[in-house]
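Peer 1: The file below is target26.txt, compact mmCIF, C-alpha atoms:
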# COMPACT_ATOMS: atom_id res chain seq x y z
CA MET A 1426 -31.83 -30.54 36.36
CA ARG A 1427 -33.03 -29.92 32.80
CA LEU A 1428 -32.89 -26.18 33.49
CA LEU A 1429 -29.24 -26.46 34.58
CA ILE A 1430 -28.38 -28.51 31.48
CA GLY A 1431 -30.15 -25.94 29.28
CA MET A 1432 -28.27 -23.07 30.91
CA ALA A 1433 -24.97 -24.93 30.49
CA SER A 1434 -25.73 -25.59 26.80
CA ARG A 1435 -26.64 -21.95 26.26
CA GLY A 1436 -23.43 -20.89 27.98
CA GLU A 1437 -21.36 -23.15 25.71
CA TYR A 1438 -23.18 -21.78 22.66
CA GLU A 1439 -22.45 -18.19 23.69
CA LYS A 1440 -18.77 -19.02 24.29
CA GLN A 1441 -18.59 -20.64 20.85
CA GLU A 1442 -20.25 -17.60 19.27
CA VAL A 1443 -17.81 -15.22 20.97
CA LYS A 1444 -14.90 -17.40 19.85
CA GLN A 1445 -16.16 -17.46 16.26
CA SER A 1446 -16.75 -13.70 16.30
CA PHE A 1447 -13.20 -13.11 17.56
CA TYR A 1448 -11.83 -15.41 14.83
CA LEU A 1449 -13.68 -13.49 12.10
CA TYR A 1450 -12.52 -10.18 13.59
CA GLU A 1451 -8.89 -11.35 13.48
CA GLU A 1452 -9.36 -12.60 9.93
CA ALA A 1453 -10.91 -9.28 8.92
CA VAL A 1454 -7.83 -7.43 10.14
CA SER A 1455 -5.59 -9.96 8.38
CA THR A 1456 -7.58 -9.43 5.17
CA LEU A 1457 -7.10 -5.67 5.40
CA ARG A 1458 -3.33 -6.10 5.82
CA LYS A 1459 -3.07 -8.45 2.83
CA VAL A 1460 -5.05 -6.08 0.63
CA GLU A 1461 -2.99 -3.12 1.86
CA ILE A 1462 0.19 -4.80 0.58
CA LEU A 1463 -1.39 -5.53 -2.81
CA LEU A 1464 -2.73 -2.00 -3.25
CA ARG A 1465 0.55 -0.43 -2.16
CA GLU A 1466 2.17 -2.38 -5.01
CA CYS A 1467 -0.49 -1.09 -7.41
CA CYS A 1468 -0.14 2.53 -6.23
CA THR A 1469 3.60 2.52 -6.98
CA LYS A 1470 2.77 1.64 -10.60
CA LEU A 1471 0.01 4.18 -11.18
CA PRO A 1472 0.88 6.59 -14.02
CA ASN A 1473 -0.12 9.62 -11.95
CA ARG A 1474 1.62 11.08 -8.93
CA ASN A 1475 0.65 9.87 -5.46
CA GLN A 1476 2.30 9.34 -2.08
CA PHE A 1477 3.89 6.06 -3.26
CA ASN A 1478 5.02 7.25 -6.65
CA GLU A 1479 7.40 10.16 -7.05
CA ASN A 1480 9.51 8.55 -9.76
CA CYS A 1481 9.57 10.86 -12.78
CA SER A 1482 10.75 8.04 -15.06
CA LEU A 1483 7.22 6.60 -14.94
CA PHE A 1484 6.03 9.69 -16.76
CA ALA A 1485 8.40 9.43 -19.71
CA PRO A 1486 6.71 9.59 -23.14
CA GLU A 1487 5.58 6.20 -24.46
CA LYS A 1488 4.87 5.74 -28.15
CA TYR A 1489 2.37 3.12 -29.36
CA VAL A 1490 1.41 2.11 -32.89
CA LEU A 1491 -2.16 0.89 -33.37
CA ALA A 1492 -3.14 -0.46 -36.79
CA ASP A 1493 -5.71 -2.84 -38.23
CA SER A 1494 -4.79 -5.69 -40.56
CA GLY A 1495 -6.55 -4.21 -43.58
CA GLU A 1496 -4.65 -0.90 -43.69
CA ASN A 1497 -7.93 0.94 -43.16
CA LEU A 1498 -6.91 2.55 -39.90
CA LYS A 1499 -3.69 3.53 -38.17
CA CYS A 1500 -3.01 5.59 -35.07
CA VAL A 1501 0.41 6.48 -33.67
CA VAL A 1502 -0.05 7.86 -30.18
CA THR A 1503 2.37 9.17 -27.56
CA ILE A 1504 1.21 8.95 -23.95
CA ILE A 1505 2.67 10.62 -20.87
CA GLY A 1506 1.02 9.19 -17.78
CA ASP A 1507 -2.72 9.47 -18.44
CA ASN A 1508 -2.32 12.22 -21.06
CA VAL A 1509 -2.24 11.92 -24.83
CA ALA A 1510 0.73 14.10 -25.75
CA LYS A 1511 0.78 13.53 -29.52
CA ALA A 1512 -1.10 11.48 -32.08
CA GLU A 1513 -1.20 10.90 -35.81
CA VAL A 1514 -4.15 9.17 -37.45
CA ALA A 1515 -4.87 7.81 -40.91
CA VAL A 1516 -8.38 6.60 -41.70
CA ARG A 1517 -9.59 5.20 -45.01
CA TYR A 1518 -12.24 7.69 -46.12
CA PRO A 1519 -13.51 7.38 -49.71
CA LYS A 1520 -14.87 10.95 -49.79
CA MET A 1521 -11.33 12.36 -49.64
CA PRO A 1522 -9.39 12.75 -52.93
CA SER A 1523 -6.65 10.51 -51.52
CA HIS A 1524 -9.25 8.13 -50.03
CA PHE A 1525 -7.67 8.75 -46.62
CA TYR A 1526 -8.24 11.27 -43.87
CA ARG A 1527 -4.90 12.06 -42.24
CA ALA A 1528 -4.44 14.30 -39.21
CA VAL A 1529 -2.24 15.14 -36.27
CA VAL A 1530 -3.30 16.08 -32.76
CA GLN A 1531 -2.34 19.52 -31.51
CA PRO A 1532 -0.02 19.09 -28.51
CA ASP A 1533 -1.33 22.23 -26.79
CA ILE A 1534 -4.84 20.79 -26.26
CA GLN A 1535 -5.20 18.57 -23.21
CA TRP A 1536 -6.49 15.07 -23.95
CA LYS A 1537 -6.72 12.85 -20.89
CA ILE A 1538 -7.62 9.15 -20.81
CA GLN A 1539 -10.39 9.33 -18.21
CA GLN A 1540 -10.45 5.58 -17.49
CA ILE A 1541 -6.88 5.64 -16.20
CA GLN A 1542 -7.70 8.61 -13.98
CA ASP A 1543 -10.80 6.84 -12.64
CA PHE A 1544 -8.87 3.64 -11.95
CA GLY A 1545 -6.22 5.52 -9.97
CA ASN A 1546 -8.82 7.46 -7.98
CA PHE A 1547 -10.70 4.29 -7.00
CA VAL A 1548 -7.51 2.46 -5.98
CA LEU A 1549 -6.19 5.38 -3.92
CA GLY A 1550 -9.63 5.76 -2.33
CA ALA A 1551 -9.65 2.06 -1.41
CA PHE A 1552 -6.18 2.42 0.14
CA GLU A 1553 -7.37 5.32 2.30
CA GLN A 1554 -10.34 3.21 3.43
CA ILE A 1555 -7.94 0.44 4.43
CA GLN A 1556 -6.08 2.88 6.68
CA ILE A 1557 -9.40 3.76 8.34
CA GLY A 1558 -10.15 0.07 8.87
CA LEU A 1559 -6.72 -0.67 10.32
CA ALA A 1560 -7.01 2.34 12.63
CA ALA A 1561 -10.33 0.98 13.90
CA SER A 1562 -8.73 -2.43 14.49
CA GLY A 1563 -6.44 -0.81 17.05
CA GLU A 1564 -9.45 -0.14 19.27
CA SER A 1565 -10.74 -2.70 21.76
CA ALA A 1566 -12.77 -5.34 19.92
CA ASN A 1567 -16.51 -5.02 20.44
CA GLU A 1568 -19.64 -5.21 18.31
CA VAL A 1569 -19.41 -1.58 17.23
CA VAL A 1570 -15.77 -1.92 16.11
CA GLU A 1571 -16.46 -5.23 14.36
CA LYS A 1572 -19.39 -3.72 12.46
CA LYS A 1573 -17.27 -0.69 11.51
CA ILE A 1574 -14.53 -2.93 10.07
CA LEU A 1575 -16.98 -5.15 8.17
CA ASN A 1576 -18.65 -2.09 6.64
CA ASN A 1577 -15.20 -0.78 5.80
CA ILE A 1578 -14.30 -4.03 4.01
CA ASN A 1579 -17.51 -3.86 1.97
CA ASP A 1580 -16.70 -0.28 0.96
CA ILE A 1581 -13.18 -1.28 -0.09
CA PHE A 1582 -14.52 -4.21 -2.09
CA GLN A 1583 -16.93 -1.92 -3.97
CA SER A 1584 -14.15 0.61 -4.67
CA LEU A 1585 -11.94 -2.12 -6.12
CA LEU A 1586 -14.81 -3.44 -8.25
CA SER A 1587 -15.27 0.08 -9.60
CA ALA A 1588 -11.52 0.32 -10.27
CA ARG A 1589 -11.52 -2.93 -12.24
CA ASN A 1590 -14.71 -2.03 -14.11
CA SER A 1591 -13.30 1.35 -15.10
CA LEU A 1592 -10.77 -0.48 -17.31
CA THR A 1593 -12.88 -3.45 -18.40
CA CYS A 1594 -16.43 -2.11 -18.87
CA ILE A 1595 -17.06 0.43 -21.59
CA GLN A 1596 -19.73 2.77 -20.27
CA LYS A 1597 -22.44 4.32 -22.40
CA LYS A 1598 -21.51 7.87 -23.26
CA SER A 1599 -23.15 10.55 -21.17
CA GLN A 1600 -23.97 14.06 -22.34
CA THR A 1601 -20.73 15.24 -20.71
CA CYS A 1602 -18.76 12.66 -22.71
CA LYS A 1603 -20.43 13.83 -25.92
CA MET A 1604 -19.41 17.41 -25.12
CA ARG A 1605 -15.86 16.16 -24.49
CA ASP A 1606 -15.92 14.40 -27.87
CA ASN A 1607 -16.87 17.66 -29.56
CA LEU A 1608 -13.94 19.38 -27.86
CA LEU A 1609 -11.59 16.57 -28.90
CA ARG A 1610 -12.55 17.06 -32.52
CA LYS A 1611 -10.82 20.44 -32.29
CA CYS A 1612 -7.59 18.65 -31.36
CA PHE A 1613 -7.22 17.28 -34.88
CA VAL A 1614 -5.55 19.21 -37.67
CA PRO A 1615 -7.16 19.33 -40.14
CA LEU A 1616 -10.59 19.02 -38.52
CA PRO A 1617 -12.21 15.62 -39.18
CA PRO A 1618 -15.23 15.33 -41.49
CA ALA A 1619 -18.55 15.79 -39.71
CA ASP A 1620 -19.46 12.11 -40.09
CA LEU A 1621 -16.32 10.79 -38.37
CA THR A 1622 -16.15 10.34 -34.60
CA PHE A 1623 -12.98 9.27 -32.78
CA ASP A 1624 -12.45 7.62 -29.43
CA LEU A 1625 -9.40 6.38 -27.57
CA TYR A 1626 -10.15 4.09 -24.65
CA ILE A 1627 -8.90 1.24 -22.48
CA SER A 1628 -10.20 -2.31 -22.72
CA SER A 1629 -8.57 -4.42 -19.97
CA SER A 1630 -4.86 -4.12 -20.81
CA LYS A 1631 -5.28 -2.81 -24.35
CA LEU A 1632 -5.37 0.68 -25.78
CA VAL A 1633 -8.08 0.91 -28.44
CA PHE A 1634 -8.53 3.60 -31.09
CA SER A 1635 -12.02 3.63 -32.58
CA VAL A 1636 -13.48 5.47 -35.55
CA ILE A 1637 -17.23 5.56 -36.13
CA THR A 1638 -18.74 6.73 -39.39
CA THR A 1639 -22.25 8.08 -38.91
CA PRO A 1640 -24.61 9.87 -41.30
CA VAL A 1641 -24.58 13.62 -40.73
CA GLN A 1642 -28.32 13.88 -41.23
CA ALA A 1643 -31.24 11.80 -42.41
CA SER A 1644 -31.89 11.72 -46.14
CA GLU A 1645 -35.05 13.23 -47.64
CA LYS A 1646 -36.22 9.80 -48.77
CA ASP A 1647 -35.69 8.29 -45.36
CA PRO A 1648 -36.07 11.00 -42.66
CA ILE A 1649 -36.08 8.39 -39.90
CA GLN A 1650 -32.81 6.84 -40.93
CA ILE A 1651 -31.73 3.74 -39.02
CA TYR A 1652 -27.99 3.34 -38.81
CA GLU A 1653 -26.11 0.38 -37.37
CA VAL A 1654 -23.07 1.80 -35.60
CA ASN A 1655 -21.13 -1.48 -35.72
CA LYS A 1656 -21.20 -1.43 -39.53
CA GLY A 1657 -19.51 1.95 -39.51
CA ARG A 1658 -16.97 1.19 -36.79
CA LYS A 1659 -13.28 0.62 -37.34
CA GLU A 1660 -10.93 -0.24 -34.47
CA CYS A 1661 -7.27 -0.91 -33.90
CA GLU A 1662 -5.54 -1.76 -30.65
CA CYS A 1663 -2.26 -2.58 -28.94
CA PHE A 1664 -1.23 -4.23 -25.68
CA ILE A 1665 0.02 -1.96 -22.86
CA PRO A 1666 2.22 -3.97 -20.42
CA TRP A 1667 1.91 -1.56 -17.48
CA LEU A 1668 -1.89 -1.65 -17.70
CA TYR A 1669 -1.71 -5.41 -17.21
CA ASP A 1670 0.65 -4.88 -14.24
CA LEU A 1671 -1.90 -2.51 -12.67
CA THR A 1672 -4.82 -4.92 -12.89
CA ILE A 1673 -3.05 -7.97 -11.39
CA PRO A 1674 -2.77 -6.72 -7.75
CA VAL A 1675 -6.34 -5.37 -7.87
CA SER A 1676 -7.64 -8.74 -9.09
CA HIS A 1677 -5.72 -10.52 -6.31
CA ALA A 1678 -7.09 -8.07 -3.72
CA LEU A 1679 -10.64 -8.72 -4.92
CA GLN A 1680 -10.09 -12.48 -4.59
CA VAL A 1681 -8.80 -12.10 -1.03
CA MET A 1682 -11.76 -9.96 -0.04
CA GLN A 1683 -14.27 -12.19 -1.83
CA THR A 1684 -13.01 -15.21 0.14
CA PHE A 1685 -13.47 -13.36 3.43
CA LEU A 1686 -16.92 -12.00 2.52
CA GLU A 1687 -18.08 -15.52 1.62
CA LYS A 1688 -17.05 -16.70 5.09
CA ILE A 1689 -19.06 -13.87 6.63
CA ALA A 1690 -22.09 -14.78 4.51
CA ALA A 1691 -21.83 -18.42 5.61
CA LYS A 1692 -21.66 -17.47 9.30
Before we go any further, please render this structure as structure tokens.
Peer 2:
Amino acid sequence: MRLLIGMASRGEYEKQEVKQSFYLYEEAVSTLRKVEILLRECCTKLPNRNQFNENCSLFAPEKYVLADSGENLKCVVTIIGDNVAKAEVAVRYPKMPSHFYRAVVQPDIQWKIQQIQDFGNFVLGAFEQIQIGLAASGESANEVVEKKILNNINDIFQSLLSARNSLTCIQKKSQTCKMRDNLLRKCFVPLPPADLTFDLYISSSKLVFSVITTPVQASEKDPIQIYEVNKGRKECECFIPWLYDLTIPVSHALQVMQTFLEKIAAK
């Protein structure tokens, strides 16, 4: 009798497990569809061409004025998509006779904002992964298919995290970036002084122009010269509305996926 009761209990448990597994499978597919809608919206707003964005008006020149409050730094930059088309800079620099270094950027030298490119690549990659997941959902549900979809969702989540981080986390400069910086110096006419380094980057929904003053070489009295970069840094920034519009659907997509992944973890 006890054996029969035990078998019946085990049978009920297995039915419940199958039911719960089916529910999570259906919710996984629903999650993919919700995120697909959000990313499609984001892809239409990306400032580089893709299958959802063939509107040339999105690539019209946009002029932004970045200036600090102390009149120490000003940058007027024209952007087309993820390219810097033109720029004019004025930096307070006591070593110059006018106490300012002024320059323009040559329009014939390509200057891309890498963060915007990276963001677009991660979002488009996540969208392609969603299509793979939805294609798998059309197959008959079984453990293999369920595992494939769950792995797919994890991959999408990581891609979207990378997309968000590409605009919000300033990475340490690699050797490649330093080489790029040296090439960018040649964009400026006249060439900047050797102790000035420029950078133009994205921080969330802001465009930031940064100037760092560093000693060219250590002095004879102090060959191991310690220099605090922050003391020699000047920055100015401005808000870019379309950058904000790009991050909103990605943030919503991450929230949707996070909610689902928490349910899986609690299973």
Peer 1: Between A:Phe1613, A:Phe1547, A:Phe1623, A:Tyr1450, which is the closest to A:Asp1533 once you count only C-alpha atoms?
Peer 2: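 Distance minimum relative to A:Asp1533 lands on A:Phe1613.
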Peer 1: Using all atoms listed in the file, which residue out of A:Val1509, A:Val1529, A:Leu1686, A:Leu1585 lies closest to A:Tyr1626?
Peer 2: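 Looking at the shortest contact to A:Tyr1626, the residue is A:Val1509.
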Peer 1: As an exercise, work out the distance from atom CA of A:Ser1455 to atom CA of A:Gly1558 in Å and give it to one decimal place.
Peer 2: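 Rounded to one decimal, the two atoms are 11.0 Å apart.
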Peer 1: What's around A:Gly1495 at 12 Å? Count all atoms listed in the file, leave out sequence neighbours fewer than 6 positions away in its own chain, and write the answer as a PDB file with C-alpha atoms, in the coordinates of the input.
Peer 2:
ATOM      1  CA  VAL A1516      -8.380   6.600 -41.700  1.00  0.00           C
ATOM      2  CA  ARG A1517      -9.590   5.200 -45.010  1.00  0.00           C
ATOM      3  CA  LYS A1659     -13.280   0.620 -37.340  1.00  0.00           C
ATOM      4  CA  GLU A1660     -10.930  -0.240 -34.470  1.00  0.00           C
ATOM      5  CA  CYS A1661      -7.270  -0.910 -33.900  1.00  0.00           C
TER       6      CYS A1661
END
Peer 1: For A:Glu1513, please output as a CSV table (one decimal) with C-alpha atoms, keeping the file's coordinate frame all residues within 10 Å (counting all atoms listed in the file; exclusion window: fewer than 6 positions along the same chain).
Peer 2:
chain,number,residue,atom,x,y,z
A,1490,VAL,CA,1.4,2.1,-32.9
A,1499,LYS,CA,-3.7,3.5,-38.2
A,1500,CYS,CA,-3.0,5.6,-35.1
A,1501,VAL,CA,0.4,6.5,-33.7
A,1502,VAL,CA,0.0,7.9,-30.2
A,1503,THR,CA,2.4,9.2,-27.6
A,1527,ARG,CA,-4.9,12.1,-42.2
A,1528,ALA,CA,-4.4,14.3,-39.2
A,1529,VAL,CA,-2.2,15.1,-36.3
A,1530,VAL,CA,-3.3,16.1,-32.8
A,1531,GLN,CA,-2.3,19.5,-31.5
A,1613,PHE,CA,-7.2,17.3,-34.9
A,1614,VAL,CA,-5.6,19.2,-37.7
Peer 1: What's the 12 Å shell around A:Phe1552, counting only C-alpha atoms, without same-chain residues fewer than 6 positions away, as JSON, numbers by chain?
Peer 2: {"A": [1457, 1458, 1459, 1460, 1461, 1462, 1463, 1464, 1465, 1466, 1467, 1468, 1475, 1476, 1477, 1545, 1546, 1558, 1559, 1577, 1578, 1580, 1581, 1582, 1584, 1585, 1588, 1675, 1678]}
Peer 1: Store the residues picked out above, limited to C-alpha atoms, as a JSON list (two decimals), in the coordinates of the input.
Peer 2:
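Saved result, part-v2.json, follows:
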[["chain", "number", "residue", "atom", "x", "y", "z"],
["A", 1457, "LEU", "CA", -7.10, -5.67, 5.40],
["A", 1458, "ARG", "CA", -3.33, -6.10, 5.82],
["A", 1459, "LYS", "CA", -3.07, -8.45, 2.83],
["A", 1460, "VAL", "CA", -5.05, -6.08, 0.63],
["A", 1461, "GLU", "CA", -2.99, -3.12, 1.86],
["A", 1462, "ILE", "CA", 0.19, -4.80, 0.58],
["A", 1463, "LEU", "CA", -1.39, -5.53, -2.81],
["A", 1464, "LEU", "CA", -2.73, -2.00, -3.25],
["A", 1465, "ARG", "CA", 0.55, -0.43, -2.16],
["A", 1466, "GLU", "CA", 2.17, -2.38, -5.01],
["A", 1467, "CYS", "CA", -0.49, -1.09, -7.41],
["A", 1468, "CYS", "CA", -0.14, 2.53, -6.23],
["A", 1475, "ASN", "CA", 0.65, 9.87, -5.46],
["A", 1476, "GLN", "CA", 2.30, 9.34, -2.08],
["A", 1477, "PHE", "CA", 3.89, 6.06, -3.26],
["A", 1545, "GLY", "CA", -6.22, 5.52, -9.97],
["A", 1546, "ASN", "CA", -8.82, 7.46, -7.98],
["A", 1558, "GLY", "CA", -10.15, 0.07, 8.87],
["A", 1559, "LEU", "CA", -6.72, -0.67, 10.32],
["A", 1577, "ASN", "CA", -15.20, -0.78, 5.80],
["A", 1578, "ILE", "CA", -14.30, -4.03, 4.01],
["A", 1580, "ASP", "CA", -16.70, -0.28, 0.96],
["A", 1581, "ILE", "CA", -13.18, -1.28, -0.09],
["A", 1582, "PHE", "CA", -14.52, -4.21, -2.09],
["A", 1584, "SER", "CA", -14.15, 0.61, -4.67],
["A", 1585, "LEU", "CA", -11.94, -2.12, -6.12],
["A", 1588, "ALA", "CA", -11.52, 0.32, -10.27],
["A", 1675, "VAL", "CA", -6.34, -5.37, -7.87],
["A", 1678, "ALA", "CA", -7.09, -8.07, -3.72]]
Peer 1: One decimal, in Å: what's the spacing between atom CA of A:Val1633 and atom CA of A:Glu1662?
Peer 2: 4.3 Å
Peer 1: Work out how far apart atom CA of A:Ala1515 and atom CA of A:Cys1594 are and give it in Å to one decimal.
Peer 2: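 Taking atom CA of A:Ala1515 as the start and atom CA of A:Cys1594 as the end point, the length is 26.8 Å.
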Peer 1: Considering all atoms listed in the file, state which residue in the set A:Thr1622, A:Asn1576, A:Gln1535, A:Ser1629 is at the smallest distance from A:Ile1557.
Peer 2: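 Ranked by minimum distance to A:Ile1557, first place goes to A:Asn1576.
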